[in-house]
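Below: one structure, written as structure tokens.
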Amino acid sequence: SPCGIAVEGRPGWHIECSAMSGALLGNIFDIHGGGIDLTFPHHENEIAQSRCAHGTDVMANVWMHNGFLQVEGEKMSKSLGNFVTINELLSERSGHTEWWGGVLRLAMLSTHYRQPINWTKAGIIEAEKNLTRWSKLKEFAEVGSFPELTPRIEQHLANDLNMPGAISELHTMAKNAEEGSKSEAQELIANALFLGFPVDEYVSDKAVDQMTKILVEP
């Protein structure tokens, strides 16, 4: 074996990950991620190997398993011809205007990370419209250089990173702000910026119309 093992063969998939994480992250580290299909047997094997090797009670303090990614209801796959990367979505392709990064972020985070993400044209259009709606409310808010989360948003993030719940709160803030609440506008913009939604950049209705036209074309 190229890695110096005296007998024939090579390290198995499970032991490789235990060895790499132990060498680079330590015997116990904070977060271990992966697809939901890796829960068994891969991650169970990692835990058993690492705990036995290091004599620890845990391997990682938090385990986060994400759901599968689907495109228009089908699993994303190169063989199906529906495979696309974020870099491709961000760049100009097929003569179309590039997709705004903030829209992609909102569209993806609207589904809880443990659930299957269904990537659809309708979902991107909706995300674009919501960002535009929120951005228009920035003129009613005064946000400092370091926006902070408010408790009503933080409680959702503390509950297994419940982003759909946090986004629902942003919608409520936007509704109240549109009805005249400047404090809700302030909260909306501050929390949205903290979460990485670029509501400080105005998106015009024309941009929404253009994006809609692009997405509905065959």
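Note on naming: chains are A, B, ... as they come in the structure tokens, residues start from 1 per chain, ligands start from 1 in the order shown.
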Find the residues near stretch 53-65 of chain A: any atom within 10 Å, counting only C-alpha atoms, skip ones fewer than 3 places away on the same chain, and give them as a PyMOL selection string.
-> chain A and resi 18-19+21-22+25-39+43+46-50+68+113-115+160-161
Give me the stretch 52-134 of chain A side of the contact with stretch 171-180 of chain A, cut-off 12 Å, one line per residue showing its nearest atom pair and distance in Å at one decimal, counting only C-alpha atoms, sorted by chain and residue number, as CSV.
```
residue,atom,partner,partner_atom,distance
A:Ser110,CA,A:His171,CA,11.8
A:Ala127,CA,A:His171,CA,11.6
A:Lys129,CA,A:His171,CA,11.9
A:Asn130,CA,A:His171,CA,8.4
A:Leu131,CA,A:His171,CA,10.3
A:Thr132,CA,A:Ala174,CA,11.2
A:Arg133,CA,A:Ala174,CA,7.9
A:Trp134,CA,A:Ala174,CA,6.4
```
Mind writing the picked residues with all heavy atoms as a short mmCIF file (atom, residue, chain, number, x, y, z; two decimals), in the first residue's frame?
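Listed below is the output, again.cif:
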```
data_model
loop_
_atom_site.label_atom_id
_atom_site.label_comp_id
_atom_site.auth_asym_id
_atom_site.auth_seq_id
_atom_site.Cartn_x
_atom_site.Cartn_y
_atom_site.Cartn_z
N SER A 110 -34.48 28.87 2.74
CA SER A 110 -35.91 28.83 3.05
C SER A 110 -36.39 27.44 3.44
O SER A 110 -37.50 27.27 3.93
CB SER A 110 -36.72 29.34 1.85
OG SER A 110 -36.44 30.71 1.61
N ALA A 127 -38.01 34.27 -4.01
CA ALA A 127 -36.90 34.83 -3.22
C ALA A 127 -36.51 36.20 -3.74
O ALA A 127 -36.23 37.13 -2.97
CB ALA A 127 -35.71 33.88 -3.27
N LYS A 129 -38.42 38.37 -5.30
CA LYS A 129 -39.47 39.33 -4.94
C LYS A 129 -39.38 39.72 -3.47
O LYS A 129 -39.57 40.89 -3.11
CB LYS A 129 -40.84 38.75 -5.27
CG LYS A 129 -41.13 38.63 -6.76
CD LYS A 129 -42.51 38.04 -7.01
CE LYS A 129 -42.83 37.99 -8.49
NZ LYS A 129 -44.16 37.39 -8.76
N ASN A 130 -39.10 38.73 -2.61
CA ASN A 130 -39.00 39.02 -1.18
C ASN A 130 -37.82 39.93 -0.86
O ASN A 130 -37.94 40.86 -0.05
CB ASN A 130 -38.89 37.72 -0.39
CG ASN A 130 -40.21 36.98 -0.30
OD1 ASN A 130 -41.28 37.59 -0.27
ND2 ASN A 130 -40.16 35.65 -0.28
N LEU A 131 -36.68 39.69 -1.50
CA LEU A 131 -35.52 40.55 -1.26
C LEU A 131 -35.79 41.97 -1.74
O LEU A 131 -35.37 42.95 -1.11
CB LEU A 131 -34.27 39.99 -1.96
CG LEU A 131 -33.47 38.95 -1.18
CD1 LEU A 131 -32.23 38.54 -1.96
CD2 LEU A 131 -33.07 39.46 0.19
N THR A 132 -36.46 42.08 -2.86
CA THR A 132 -36.82 43.41 -3.37
C THR A 132 -37.75 44.13 -2.39
O THR A 132 -37.57 45.31 -2.08
CB THR A 132 -37.50 43.29 -4.74
OG1 THR A 132 -36.60 42.69 -5.67
CG2 THR A 132 -37.91 44.66 -5.26
N ARG A 133 -38.73 43.40 -1.89
CA ARG A 133 -39.69 43.97 -0.93
C ARG A 133 -38.97 44.44 0.33
O ARG A 133 -39.21 45.55 0.81
CB ARG A 133 -40.72 42.90 -0.58
CG ARG A 133 -41.74 43.31 0.47
CD ARG A 133 -42.53 42.10 0.92
NE ARG A 133 -43.44 42.40 2.00
CZ ARG A 133 -43.97 41.47 2.80
NH1 ARG A 133 -43.65 40.19 2.62
NH2 ARG A 133 -44.79 41.82 3.77
N TRP A 134 -38.06 43.61 0.86
CA TRP A 134 -37.34 43.98 2.07
C TRP A 134 -36.41 45.17 1.82
O TRP A 134 -36.29 46.07 2.65
CB TRP A 134 -36.53 42.80 2.60
CG TRP A 134 -37.35 41.61 2.99
CD1 TRP A 134 -38.71 41.56 3.15
CD2 TRP A 134 -36.87 40.29 3.26
NE1 TRP A 134 -39.11 40.29 3.50
CE2 TRP A 134 -38.01 39.49 3.58
CE3 TRP A 134 -35.62 39.70 3.26
CZ2 TRP A 134 -37.90 38.13 3.90
CZ3 TRP A 134 -35.50 38.35 3.58
CH2 TRP A 134 -36.63 37.59 3.90
#
```
Using only C-alpha atoms, which of the listed residues (A:Glu72, A:Glu8, A:Glu187, A:Asp200) sits closest to A:Pro151?
-> A:Glu187
Using only C-alpha atoms: which of A:Gln186, A:Gln70, A:Asn162, A:Asn87 has the shortest distance to A:Leu137 | A:Gln186
Quick one, how far is atom CA of A:Arg105 from atom CA of A:Leu193?
->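 For atom CA of A:Arg105 relative to atom CA of A:Leu193, the distance reads 12.3 Å.
Reported to one decimal place, the separation of atom CA of A:Val199 from atom CA of A:Gly123 is 18.2 Å.
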Residues of stretch 43-137 of chain A in strand (DSSP E), written as a PyMOL selection string | chain A and resi 60-66+69-71+74-75+117-119
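For the set A:Thr111, A:Glu139, A:Gly12, A:Gly81, the residue with the smallest atom-to-atom gap to A:Leu188 is A:Glu139, counting only C-alpha atoms.
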For A:Met108: contacts at 9 Å, only C-alpha atoms, fewer than 5 positions along chain excluded, given as a ChimeraX atom specification = /A:103,113,117-119,123-124
Could you pull the residues within 9 Å of stretch 152-158 of chain A, counting only C-alpha atoms, minus those fewer than 4 positions along the same chain, as an mmCIF file with C-alpha atoms, in the first residue's frame?
```cif
data_model
loop_
_atom_site.group_PDB
_atom_site.id
_atom_site.type_symbol
_atom_site.label_atom_id
_atom_site.label_comp_id
_atom_site.auth_asym_id
_atom_site.auth_seq_id
_atom_site.Cartn_x
_atom_site.Cartn_y
_atom_site.Cartn_z
ATOM 1 C CA ASN A 162 -34.290 26.764 12.055
ATOM 2 C CA MET A 163 -33.816 29.211 9.182
ATOM 3 C CA PRO A 164 -37.376 28.845 7.822
ATOM 4 C CA GLY A 165 -38.641 30.036 11.210
ATOM 5 C CA ALA A 166 -36.231 32.977 11.178
ATOM 6 C CA ILE A 167 -37.275 33.913 7.637
ATOM 7 C CA GLU A 169 -40.105 36.358 11.374
ATOM 8 C CA LEU A 170 -38.517 38.560 8.695
ATOM 9 C CA ASN A 191 -31.464 40.970 11.102
#
```
Spatial neighbours of A:Ile86, max dist 9 Å, only C-alpha atoms, sep filter under 4 positions, as a VMD selection string | chain A and resid 90 to 91 101 104
Separation of atom CA of A:Thr150 and atom CA of A:Ala107, in Å?
-> 22.1 Å
